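Printed here is target-v3.tsv (TSV, C-alpha atoms):
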```tsv
chain	number	residue	atom	x	y	z
A	15	MET	CA	-0.18	1.46	21.58
A	16	THR	CA	-3.84	1.13	20.54
A	17	LYS	CA	-6.23	3.86	21.72
A	18	PRO	CA	-9.81	4.40	20.53
A	19	VAL	CA	-9.13	7.86	19.04
A	20	VAL	CA	-6.24	9.11	16.92
A	21	VAL	CA	-5.73	12.86	16.64
A	22	TYR	CA	-3.58	13.43	13.58
A	23	GLY	CA	-1.86	16.80	13.35
A	24	VAL	CA	-1.33	17.60	17.01
A	25	SER	CA	1.67	19.83	16.38
A	26	GLY	CA	-0.85	22.47	15.23
A	27	TYR	CA	-3.13	24.77	17.21
A	28	THR	CA	-6.41	22.93	16.64
A	29	GLY	CA	-5.00	19.46	17.25
A	30	ARG	CA	-3.89	20.56	20.71
A	31	LEU	CA	-7.39	21.78	21.53
A	32	ILE	CA	-8.96	18.49	20.44
A	33	CYS	CA	-6.62	16.68	22.81
A	34	GLU	CA	-7.54	19.08	25.62
A	35	TYR	CA	-11.22	18.29	25.25
A	36	LEU	CA	-10.67	14.54	24.81
A	37	ARG	CA	-8.93	14.69	28.17
A	38	GLU	CA	-11.99	16.38	29.66
A	39	TYR	CA	-14.20	13.62	28.22
A	40	HIS	CA	-11.81	10.99	29.67
A	41	VAL	CA	-11.21	9.54	26.20
A	42	PRO	CA	-7.83	7.83	25.64
A	43	PHE	CA	-6.10	9.05	22.49
A	44	ILE	CA	-2.99	8.90	20.35
A	45	ALA	CA	-1.50	12.30	19.57
A	46	ALA	CA	0.15	11.84	16.19
A	47	GLY	CA	2.02	13.97	13.70
A	48	ARG	CA	4.79	14.00	11.17
A	49	ASP	CA	7.24	15.51	13.68
A	50	GLY	CA	7.11	13.58	16.94
A	51	LYS	CA	9.25	16.12	18.80
A	52	LYS	CA	6.88	18.96	17.94
A	53	VAL	CA	3.87	16.86	18.92
A	54	GLN	CA	5.44	16.06	22.30
A	55	GLU	CA	6.23	19.74	22.91
A	56	VAL	CA	2.62	20.71	22.18
A	57	VAL	CA	1.14	17.92	24.30
A	58	ASP	CA	3.40	18.79	27.22
A	59	ARG	CA	1.78	22.24	27.35
A	60	ILE	CA	-1.79	20.94	27.56
A	61	PRO	CA	-3.25	21.85	30.99
A	62	GLY	CA	-3.79	18.73	33.08
A	63	ILE	CA	-2.21	16.41	30.53
A	64	GLU	CA	-0.76	14.32	33.35
A	65	THR	CA	-4.29	13.02	34.01
A	66	ALA	CA	-4.90	11.95	30.39
A	67	ASP	CA	-4.49	8.47	28.91
A	68	TYR	CA	-2.51	9.14	25.76
A	69	GLU	CA	0.55	8.34	23.67
A	70	VAL	CA	2.59	10.43	21.26
A	71	VAL	CA	3.44	8.86	17.90
A	72	GLU	CA	5.44	10.12	14.93
A	73	VAL	CA	4.12	8.92	11.58
A	74	SER	CA	4.92	9.56	7.94
A	75	HIS	CA	2.18	10.96	5.72
A	76	ASP	CA	1.39	7.97	3.52
A	77	VAL	CA	-1.51	5.55	3.37
A	78	GLU	CA	0.46	2.51	4.56
A	79	ALA	CA	1.93	4.19	7.63
A	80	LEU	CA	-1.34	5.88	8.56
A	81	THR	CA	-3.32	2.66	8.12
A	82	SER	CA	-0.95	0.92	10.51
A	83	LEU	CA	-1.34	3.75	13.04
A	84	PHE	CA	-5.14	3.88	12.76
A	85	SER	CA	-5.65	0.11	12.98
A	86	GLY	CA	-7.34	-0.80	16.24
A	87	ALA	CA	-8.75	2.70	16.73
A	88	SER	CA	-12.39	3.66	16.14
A	89	VAL	CA	-12.18	7.37	15.28
A	90	VAL	CA	-9.67	9.55	13.45
A	91	CYS	CA	-9.69	13.32	14.04
A	92	ASN	CA	-7.61	14.83	11.23
A	93	THR	CA	-6.34	18.43	11.33
A	94	VAL	CA	-3.61	18.10	8.67
A	95	GLY	CA	-4.43	20.50	5.86
A	96	PRO	CA	-4.87	21.98	3.38
A	97	PHE	CA	-7.11	18.95	2.99
A	98	ILE	CA	-7.44	19.01	-0.78
A	99	LYS	CA	-3.67	18.36	-0.81
A	100	LEU	CA	-3.14	16.23	2.30
A	101	GLY	CA	-6.54	14.75	3.12
A	102	PRO	CA	-6.76	11.76	0.73
A	103	GLU	CA	-4.11	9.71	2.52
A	104	ALA	CA	-5.84	10.09	5.90
A	105	VAL	CA	-9.28	9.25	4.47
A	106	GLU	CA	-8.03	6.17	2.62
A	107	ALA	CA	-6.16	4.99	5.70
A	108	SER	CA	-9.24	5.52	7.90
A	109	LEU	CA	-11.36	3.45	5.54
A	110	ALA	CA	-8.74	0.70	5.34
A	111	ALA	CA	-8.45	0.61	9.15
A	112	GLY	CA	-12.23	0.66	9.70
A	113	CYS	CA	-12.31	4.05	11.43
A	114	HIS	CA	-14.83	6.87	11.41
A	115	TYR	CA	-13.23	9.96	9.87
A	116	LEU	CA	-13.60	13.55	11.11
A	117	ASP	CA	-11.67	16.62	10.01
A	118	THR	CA	-11.65	20.38	10.51
A	119	THR	CA	-11.70	21.56	6.89
A	120	GLY	CA	-13.26	24.74	5.59
A	121	GLU	CA	-12.54	23.77	1.98
A	122	GLN	CA	-15.64	23.27	-0.14
A	123	ASP	CA	-13.71	21.56	-2.93
A	124	TRP	CA	-12.36	19.01	-0.43
A	125	ALA	CA	-15.84	18.26	0.92
A	126	LEU	CA	-17.15	17.73	-2.62
A	127	ALA	CA	-14.19	15.50	-3.48
A	128	ALA	CA	-14.55	13.43	-0.30
A	129	GLN	CA	-18.27	12.97	-0.89
A	130	SER	CA	-17.74	11.89	-4.49
A	131	LYS	CA	-14.71	9.62	-4.01
A	132	TRP	CA	-15.32	7.94	-0.66
A	133	GLY	CA	-18.86	8.68	0.54
A	134	GLN	CA	-20.39	5.44	-0.71
A	135	ALA	CA	-17.45	3.31	0.44
A	136	PHE	CA	-17.74	4.67	3.98
A	137	ALA	CA	-21.52	4.12	3.92
A	138	ASP	CA	-21.05	0.52	2.75
A	139	ALA	CA	-18.64	-0.03	5.65
A	140	GLY	CA	-21.03	1.53	8.18
A	141	LEU	CA	-18.57	4.35	8.84
A	142	LEU	CA	-18.95	8.11	9.08
A	143	LEU	CA	-17.07	10.42	6.71
A	144	SER	CA	-17.49	13.91	8.14
A	145	PRO	CA	-15.25	16.70	6.84
A	146	GLY	CA	-15.74	20.09	8.47
A	147	VAL	CA	-16.60	19.26	12.07
A	148	ALA	CA	-15.57	22.73	13.18
A	149	GLN	CA	-16.92	26.09	14.29
A	150	MET	CA	-16.60	27.20	10.72
A	151	TYR	CA	-19.16	25.94	9.66
A	152	THR	CA	-20.95	23.64	12.12
A	153	THR	CA	-22.17	26.44	14.41
A	154	GLY	CA	-23.85	28.11	11.44
A	155	GLU	CA	-25.36	24.78	10.44
A	156	ILE	CA	-26.85	24.53	13.93
A	157	ALA	CA	-28.43	27.98	13.46
A	158	ALA	CA	-29.79	26.99	10.05
A	159	ASN	CA	-31.43	23.87	11.43
A	160	ILE	CA	-33.02	25.86	14.25
A	161	ALA	CA	-34.46	28.26	11.67
A	162	LEU	CA	-35.81	25.42	9.54
A	163	GLU	CA	-37.51	23.70	12.47
A	164	THR	CA	-38.97	26.97	13.84
A	165	VAL	CA	-41.14	27.56	10.77
A	166	PRO	CA	-41.47	24.43	8.61
A	167	GLY	CA	-41.69	25.09	4.89
A	168	LEU	CA	-38.91	27.68	4.56
A	169	ASP	CA	-36.58	26.78	1.70
A	170	THR	CA	-34.00	29.57	1.38
A	171	LEU	CA	-30.98	30.13	3.63
A	172	ASP	CA	-29.00	33.39	3.64
A	173	MET	CA	-26.10	32.78	6.02
A	174	LEU	CA	-23.34	34.84	7.59
A	175	VAL	CA	-20.24	33.63	9.47
A	176	LEU	CA	-18.15	36.21	11.35
A	177	TRP	CA	-15.37	35.97	13.91
A	178	LYS	CA	-12.65	37.96	15.61
A	179	GLY	CA	-9.18	36.57	15.98
A	180	PHE	CA	-5.96	35.41	14.40
A	181	PRO	CA	-6.02	32.59	11.85
A	182	THR	CA	-3.68	29.70	12.58
A	183	TYR	CA	-0.90	28.74	10.18
A	184	ALA	CA	-3.01	25.90	8.77
A	185	SER	CA	-6.06	28.14	8.38
A	186	THR	CA	-4.00	30.72	6.53
A	187	GLN	CA	-2.65	28.06	4.18
A	188	THR	CA	-6.22	26.92	3.54
A	189	ILE	CA	-7.46	30.45	2.80
A	190	PHE	CA	-4.96	30.77	-0.02
A	191	THR	CA	-5.32	27.19	-1.24
A	192	ILE	CA	-9.04	27.67	-1.92
A	193	LEU	CA	-8.29	30.59	-4.25
A	194	LYS	CA	-7.43	27.98	-6.90
A	195	ALA	CA	-10.76	26.16	-6.56
A	196	ASP	CA	-14.21	26.80	-8.00
A	197	TRP	CA	-16.70	28.04	-5.39
A	198	PHE	CA	-20.42	27.32	-5.40
A	199	HIS	CA	-23.62	28.45	-3.75
A	200	LEU	CA	-26.93	26.62	-4.05
A	201	LEU	CA	-29.74	28.08	-6.16
A	202	ASN	CA	-32.93	26.07	-6.71
A	203	ASN	CA	-31.11	22.82	-5.90
A	204	GLN	CA	-28.31	23.50	-8.37
A	205	TYR	CA	-24.73	24.52	-7.72
A	206	VAL	CA	-24.01	27.99	-9.12
A	207	GLU	CA	-20.43	29.24	-9.34
A	208	TRP	CA	-19.35	32.32	-7.40
A	209	ASP	CA	-17.35	35.16	-8.88
A	210	HIS	CA	-14.13	35.05	-6.83
A	211	ARG	CA	-14.14	38.84	-6.60
A	212	ALA	CA	-17.63	38.98	-5.09
A	213	THR	CA	-18.07	40.85	-1.81
A	214	ARG	CA	-21.06	41.60	0.37
A	215	GLU	CA	-21.53	44.33	2.97
A	216	CYS	CA	-23.55	42.76	5.79
A	217	VAL	CA	-25.22	44.14	8.89
A	218	VAL	CA	-23.62	42.61	11.98
A	219	PRO	CA	-26.32	41.11	14.25
A	220	GLY	CA	-26.48	42.93	17.58
A	221	GLN	CA	-24.45	45.90	16.32
A	222	HIS	CA	-25.05	49.14	14.42
A	223	GLY	CA	-22.14	48.59	12.08
A	224	THR	CA	-21.56	46.49	8.98
A	225	ALA	CA	-18.89	44.01	7.98
A	226	LEU	CA	-17.23	43.29	4.66
A	227	THR	CA	-17.71	39.63	3.76
A	228	VAL	CA	-16.66	37.31	0.94
A	229	PRO	CA	-17.76	33.87	-0.32
A	230	TRP	CA	-14.84	32.31	1.62
A	231	GLY	CA	-14.46	29.43	-0.80
A	232	GLY	CA	-18.20	28.78	-0.95
A	233	THR	CA	-18.29	27.27	2.57
A	234	LEU	CA	-19.59	23.77	3.34
A	235	HIS	CA	-23.24	24.67	3.90
A	236	PRO	CA	-24.32	24.39	0.24
A	237	VAL	CA	-22.80	20.90	0.14
A	238	TRP	CA	-24.53	19.80	3.32
A	239	PHE	CA	-27.92	21.18	2.28
A	240	LYS	CA	-27.72	20.11	-1.39
A	241	ASP	CA	-29.65	16.88	-0.77
A	242	ASP	CA	-31.82	18.21	2.08
A	243	PRO	CA	-35.42	18.31	0.78
A	244	ARG	CA	-36.16	21.31	3.01
A	245	VAL	CA	-33.63	23.58	1.29
A	246	ALA	CA	-33.55	24.78	-2.32
A	247	THR	CA	-31.24	27.79	-2.01
A	248	CYS	CA	-28.26	28.39	0.26
A	249	LEU	CA	-25.92	31.38	0.01
A	250	VAL	CA	-23.17	32.05	2.55
A	251	THR	CA	-20.55	34.74	3.04
A	252	GLY	CA	-18.19	35.30	5.92
A	253	GLY	CA	-15.13	37.02	7.21
A	254	VAL	CA	-13.08	38.38	10.05
A	255	LEU	CA	-14.48	41.30	12.05
A	256	ASP	CA	-11.50	43.44	11.12
A	257	ARG	CA	-11.99	45.73	8.13
A	258	ALA	CA	-8.26	46.02	7.40
A	259	VAL	CA	-7.87	42.24	7.27
A	260	MET	CA	-10.84	41.87	4.95
A	261	ASP	CA	-9.60	44.65	2.67
A	262	GLY	CA	-6.40	42.64	2.44
A	263	VAL	CA	-8.30	39.46	1.59
A	264	VAL	CA	-10.16	41.22	-1.20
A	265	ALA	CA	-6.96	42.76	-2.55
A	266	THR	CA	-5.15	39.42	-2.45
A	267	THR	CA	-8.01	37.72	-4.29
A	268	GLY	CA	-7.83	40.37	-7.00
A	269	MET	CA	-4.07	39.98	-7.22
A	270	PHE	CA	-4.45	36.21	-7.55
A	271	GLU	CA	-6.94	36.52	-10.39
A	272	GLU	CA	-4.72	38.97	-12.26
A	273	GLN	CA	-1.20	37.72	-11.55
A	274	ILE	CA	-1.23	34.15	-10.24
A	275	ARG	CA	-4.12	32.34	-11.94
A	276	PRO	CA	-2.43	32.61	-15.37
A	277	LEU	CA	0.58	30.67	-14.00
A	278	ASP	CA	0.99	26.90	-14.21
A	279	PRO	CA	-0.27	24.91	-11.17
A	280	GLU	CA	3.19	24.43	-9.64
A	281	ALA	CA	3.98	28.13	-9.84
A	282	GLN	CA	0.55	28.98	-8.42
A	283	GLU	CA	1.19	26.71	-5.45
A	284	ALA	CA	4.60	28.21	-4.72
A	285	ALA	CA	3.34	31.80	-4.96
A	286	LEU	CA	0.37	31.22	-2.67
A	287	SER	CA	2.41	29.33	-0.07
A	288	ASP	CA	4.90	32.19	0.10
A	289	ILE	CA	2.11	34.75	0.60
A	290	ALA	CA	0.40	32.66	3.28
A	291	ALA	CA	3.64	32.02	5.19
A	292	GLY	CA	4.39	35.73	5.22
A	293	LEU	CA	1.03	36.57	6.74
A	294	GLN	CA	0.94	34.00	9.56
A	295	ALA	CA	3.79	31.57	10.12
A	296	ASP	CA	3.66	31.29	13.91
A	297	MET	CA	1.10	29.78	16.26
A	298	PRO	CA	-1.36	32.51	17.34
A	299	PRO	CA	-1.90	33.31	21.02
A	300	ARG	CA	-4.41	31.29	23.00
A	301	GLU	CA	-7.93	32.62	22.49
A	302	ASN	CA	-9.37	35.19	24.87
A	303	PRO	CA	-13.19	34.87	25.14
A	304	ARG	CA	-13.48	38.64	25.71
A	305	VAL	CA	-11.74	39.31	22.41
A	306	ASN	CA	-12.19	36.28	20.16
A	307	THR	CA	-15.92	36.31	19.53
A	308	SER	CA	-17.98	34.68	16.79
A	309	ILE	CA	-21.36	35.37	15.19
A	310	ASP	CA	-23.33	32.90	13.08
A	311	SER	CA	-26.43	34.41	11.53
A	312	VAL	CA	-29.10	32.78	9.36
A	313	HIS	CA	-32.05	34.38	7.60
A	314	ALA	CA	-34.37	31.58	6.47
A	315	SER	CA	-37.25	32.48	4.20
A	316	GLY	CA	-40.07	31.08	2.13
A	317	PRO	CA	-43.14	32.42	0.35
A	318	LEU	CA	-45.00	33.14	3.59
A	319	GLY	CA	-42.46	32.98	6.39
A	320	ARG	CA	-39.27	34.50	7.75
A	321	VAL	CA	-36.96	33.39	10.58
A	322	HIS	CA	-33.73	34.95	11.78
A	323	VAL	CA	-31.39	32.99	14.07
A	324	ALA	CA	-28.18	34.40	15.52
A	325	ILE	CA	-25.71	32.45	17.64
A	326	HIS	CA	-23.17	34.61	19.46
A	327	GLY	CA	-20.14	32.75	20.71
A	328	ASN	CA	-16.50	33.00	21.63
A	329	SER	CA	-13.23	31.21	20.94
A	330	ASN	CA	-13.96	29.66	17.56
A	331	TYR	CA	-10.96	27.33	17.68
A	332	LYS	CA	-12.07	26.07	21.09
A	333	GLN	CA	-15.50	25.45	19.59
A	334	THR	CA	-13.79	23.36	16.92
A	335	GLY	CA	-11.75	21.39	19.44
A	336	LEU	CA	-14.85	20.67	21.51
A	337	LEU	CA	-16.98	19.65	18.52
A	338	GLN	CA	-14.29	17.21	17.39
A	339	ALA	CA	-13.84	15.72	20.85
A	340	PHE	CA	-17.58	15.35	21.44
A	341	ALA	CA	-18.05	13.73	18.04
A	342	ALA	CA	-15.34	11.19	18.82
A	343	TYR	CA	-16.77	10.61	22.31
A	344	SER	CA	-20.23	10.02	20.85
A	345	LEU	CA	-18.98	7.64	18.15
A	346	LEU	CA	-17.30	5.48	20.80
A	347	GLN	CA	-20.69	4.90	22.44
A	348	GLN	CA	-23.22	4.73	19.63
A	349	ALA	CA	-23.54	4.74	15.87
A	350	PRO	CA	-23.97	8.09	14.13
A	351	ARG	CA	-27.42	9.07	12.89
A	352	ARG	CA	-26.08	8.82	9.34
A	353	VAL	CA	-23.16	6.89	7.87
A	354	GLY	CA	-21.17	7.73	4.79
A	355	PHE	CA	-20.70	11.41	3.96
A	356	ALA	CA	-22.53	13.57	6.52
A	357	SER	CA	-22.20	16.85	8.36
A	358	ALA	CA	-21.85	17.06	12.13
A	359	CYS	CA	-25.52	18.01	12.53
A	360	GLN	CA	-26.63	15.17	10.27
A	361	ALA	CA	-24.48	12.70	12.19
A	362	PHE	CA	-25.03	13.85	15.78
A	363	GLY	CA	-28.03	16.22	15.85
A	364	HIS	CA	-28.00	20.01	15.91
A	365	ARG	CA	-29.69	20.28	19.31
A	366	GLU	CA	-27.16	17.90	20.85
A	367	LEU	CA	-24.24	19.88	19.43
A	368	LEU	CA	-25.75	23.16	20.60
A	369	GLY	CA	-26.11	21.73	24.09
A	370	VAL	CA	-22.45	20.74	24.16
A	371	LEU	CA	-21.30	24.21	23.10
A	372	ARG	CA	-23.64	25.83	25.63
A	373	ASN	CA	-22.53	23.60	28.50
A	374	PHE	CA	-18.88	24.48	27.89
A	375	GLY	CA	-19.65	28.19	27.83
A	376	LEU	CA	-18.77	28.78	24.19
A	377	VAL	CA	-22.08	30.07	22.77
A	378	LEU	CA	-25.10	32.01	24.00
A	379	ASN	CA	-28.60	30.67	23.66
A	380	PRO	CA	-29.67	31.36	20.05
A	381	VAL	CA	-31.59	34.55	19.38
A	382	VAL	CA	-34.62	33.56	17.30
A	383	GLU	CA	-37.08	35.93	15.60
A	384	ALA	CA	-39.89	34.45	13.52
A	385	HIS	CA	-42.58	35.96	11.27
A	386	THR	CA	-45.32	33.94	9.63
```
Show this structure as structure tokens.
Amino acid sequence: MTKPVVVYGVSGYTGRLICEYLREYHVPFIAAGRDGKKVQEVVDRIPGIETADYEVVEVSHDVEALTSLFSGASVVCNTVGPFIKLGPEAVEASLAAGCHYLDTTGEQDWALAAQSKWGQAFADAGLLLSPGVAQMYTTGEIAANIALETVPGLDTLDMLVLWKGFPTYASTQTIFTILKADWFHLLNNQYVEWDHRATRECVVPGQHGTALTVPWGGTLHPVWFKDDPRVATCLVTGGVLDRAVMDGVVATTGMFEEQIRPLDPEAQEAALSDIAAGLQADMPPRENPRVNTSIDSVHASGPLGRVHVAIHGNSNYKQTGLLQAFAAYSLLQQAPRRVGFASACQAFGHRELLGVLRNFGLVLNPVVEAHT
């Protein structure tokens, strides 16, 4: 049953896409999930699956069972979230089995927890612990690194993440889970807490209009750049390019602060799960590159320099599936650039990741404007 890569959570939208791209990289994999029948149904619909080397496995969500499943593999790609609730078992099992760990989180509190609890243990074992290998927020991290290398000496990142599309069930659950967490941006190398009700009206690169954006849980960029000597300040907002959806997000955040935050944790959890399930309980349609576009924009600045980088792309969930598959493919052939807790760019290189996204037709060449 042993394969070099285990994709855990294949019954969901993103897990299926990771398997699709692993097939294109000719990487054997185990497609695993808590409901084997659902996993098999999803895998059966993957185009060209008959040419893939794979197995479907049902597994319970506990450390012992996952350790047994992961043993003999080299890489775990985990899509089972919300990660702050369900991630610890997969991380502990990956470490016990001697596997590199990748996931698709957008939860800042999970990234901070993973770094604090397991970062050193993974480093000591020579393993990579990389939460958030996903379009949100790796593509923006690529743009930030391009800005920083274009004009050395810039130390402030003002970042914007925008996309069009339908959130998956897991993404919707995550959006509401992070409402309970503290959110941070980076100011002069210190974490500073966001006001959950904060909004920002941002100019959309390449358009005349603006978009309503929110802190979106703080994002992962402040965590990734916290110990980067090039960066002192990092502030990020993002959102969906649909004003009605964003108005709803803002209203829901306000409702949470007023009505749900005063409740006990168990009641908070139940209320948020009910809201999330009501908004998106079904698998969204497959992405259409003419409709489902993405924009990652970075203004990098310093005392005597300015750089703007914009990466226009499409199909953000496909970007995530590809980034996960390439990361696994790379780890099977060589060690990452950094072990322990690290972002995708820190582990694999931002230029390499950009090349992968470009070669699969998912992003344009970055638009770079520099002033010094």
Counting only C-alpha atoms, the residue among A:Lys99, A:His114, A:His40, A:His313 that lies closest to Gln348 in chain A is A:His114
Within 10 Å of Gly220 in chain A, counting all atoms listed in the file, which residues show up once you throw out same-chain ones fewer than 4 positions away? Write them as a VMD selection string, please.
chain A and resid 309 324 326 381
Please save C-alpha atoms of the selected residues as a tab-separated table (two decimals), in the coordinates of the input.
```tsv
chain	number	residue	atom	x	y	z
A	309	ILE	CA	-21.36	35.37	15.19
A	324	ALA	CA	-28.18	34.40	15.52
A	326	HIS	CA	-23.17	34.61	19.46
A	381	VAL	CA	-31.59	34.55	19.38
```
Between CA of Tyr27 in chain A and CA of Gly62 in chain A lies a distance of 17.0 Å
**Report entry** Exercise: Asp58 in chain A partners within 10 Å, only C-alpha atoms, chain neighbours under 6 positions left out, as a count of residues only
**Finding:** 3
* Asked: Which neighbours of range 83-88 of chain A fall inside 10 Å, counting all atoms listed in the file, when residues of the same chain fewer than 3 positions from it are skipped, and could you give them as number ranges by chain?
  -> A: 15-22, 43-44, 46, 71-74, 77-80, 104, 107-115, 141, 342, 345-346
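Using only C-alpha atoms, the shortest contact distance between Arg365 in chain A and any of A:Pro102, A:Ala341, A:Ile160, A:Gly120 is found at A:Ile160.
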For this session: Please determine the residues with any atom at most 9 Å from (-23.3, 20.8, 18.7) (coordinates as given in the file, with only C-alpha atoms counting) and report them as number ranges by chain.
Result: A: 152-153, 156, 336-337, 340-341, 358-359, 362-372
Would you mind exporting C-alpha atoms of the selected residues as an mmCIF file, in the coordinates of the input?
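File produced: again_26.cif:
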```
data_model
loop_
_atom_site.group_PDB
_atom_site.id
_atom_site.type_symbol
_atom_site.label_atom_id
_atom_site.label_comp_id
_atom_site.auth_asym_id
_atom_site.auth_seq_id
_atom_site.Cartn_x
_atom_site.Cartn_y
_atom_site.Cartn_z
ATOM 1 C CA THR A 152 -20.950 23.640 12.120
ATOM 2 C CA THR A 153 -22.170 26.440 14.410
ATOM 3 C CA ILE A 156 -26.850 24.530 13.930
ATOM 4 C CA LEU A 336 -14.850 20.670 21.510
ATOM 5 C CA LEU A 337 -16.980 19.650 18.520
ATOM 6 C CA PHE A 340 -17.580 15.350 21.440
ATOM 7 C CA ALA A 341 -18.050 13.730 18.040
ATOM 8 C CA ALA A 358 -21.850 17.060 12.130
ATOM 9 C CA CYS A 359 -25.520 18.010 12.530
ATOM 10 C CA PHE A 362 -25.030 13.850 15.780
ATOM 11 C CA GLY A 363 -28.030 16.220 15.850
ATOM 12 C CA HIS A 364 -28.000 20.010 15.910
ATOM 13 C CA ARG A 365 -29.690 20.280 19.310
ATOM 14 C CA GLU A 366 -27.160 17.900 20.850
ATOM 15 C CA LEU A 367 -24.240 19.880 19.430
ATOM 16 C CA LEU A 368 -25.750 23.160 20.600
ATOM 17 C CA GLY A 369 -26.110 21.730 24.090
ATOM 18 C CA VAL A 370 -22.450 20.740 24.160
ATOM 19 C CA LEU A 371 -21.300 24.210 23.100
ATOM 20 C CA ARG A 372 -23.640 25.830 25.630
#
```
Between A:Thr28, A:Asp172, A:Ala246, A:Leu193, smallest distance to Ala157 in chain A by all atoms listed in the file belongs to A:Asp172
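The space between CA of Leu277 in chain A and CA of Phe190 in chain A spans 15.0 Å.
When only C-alpha atoms are used to measure the gap to Glu271 in chain A, the shortest distance among A:Asp256, A:Glu38, A:Lys194, A:Val323 belongs to A:Lys194.
Considering the residues A:Gln221, A:Glu283, A:Asp209, A:Val175 and counting all atoms listed in the file, Val250 in chain A has its shortest atom-to-atom contact with A:Val175.
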Worksheet entry | Exercise: Gln360 in chain A partners within 9 Å, all atoms listed in the file, chain neighbours under 5 positions left out, as a PyMOL selection string | chain A and resi 238+350-352
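For the point (-33.3, 30.0, 1.7) in file coordinates, the residues within 7 Å, using all atoms listed in the file, are Leu168, Asp169, Thr170, Leu171, Asp172, Val245, Ala246, Thr247, Cys248, Ala314, Ser315 and Gly316 of chain A.
CA of Val353 in chain A is found 12.6 Å from CA of Pro145 in chain A.
With all atoms listed in the file as the basis for measurement, A:Asn159 is the residue among A:Asn306, A:Gln134, A:Asn159, A:Thr93 that approaches Arg244 in chain A most closely.
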Worksheet entry | Polymer residues at most 8 Å from Leu116 in chain A, all atoms listed in the file, same-chain spacing of 5 or more positions, as JSON, numbers by chain | {"A": [89, 90, 91, 92, 142, 143, 144, 145, 146, 147, 338]}
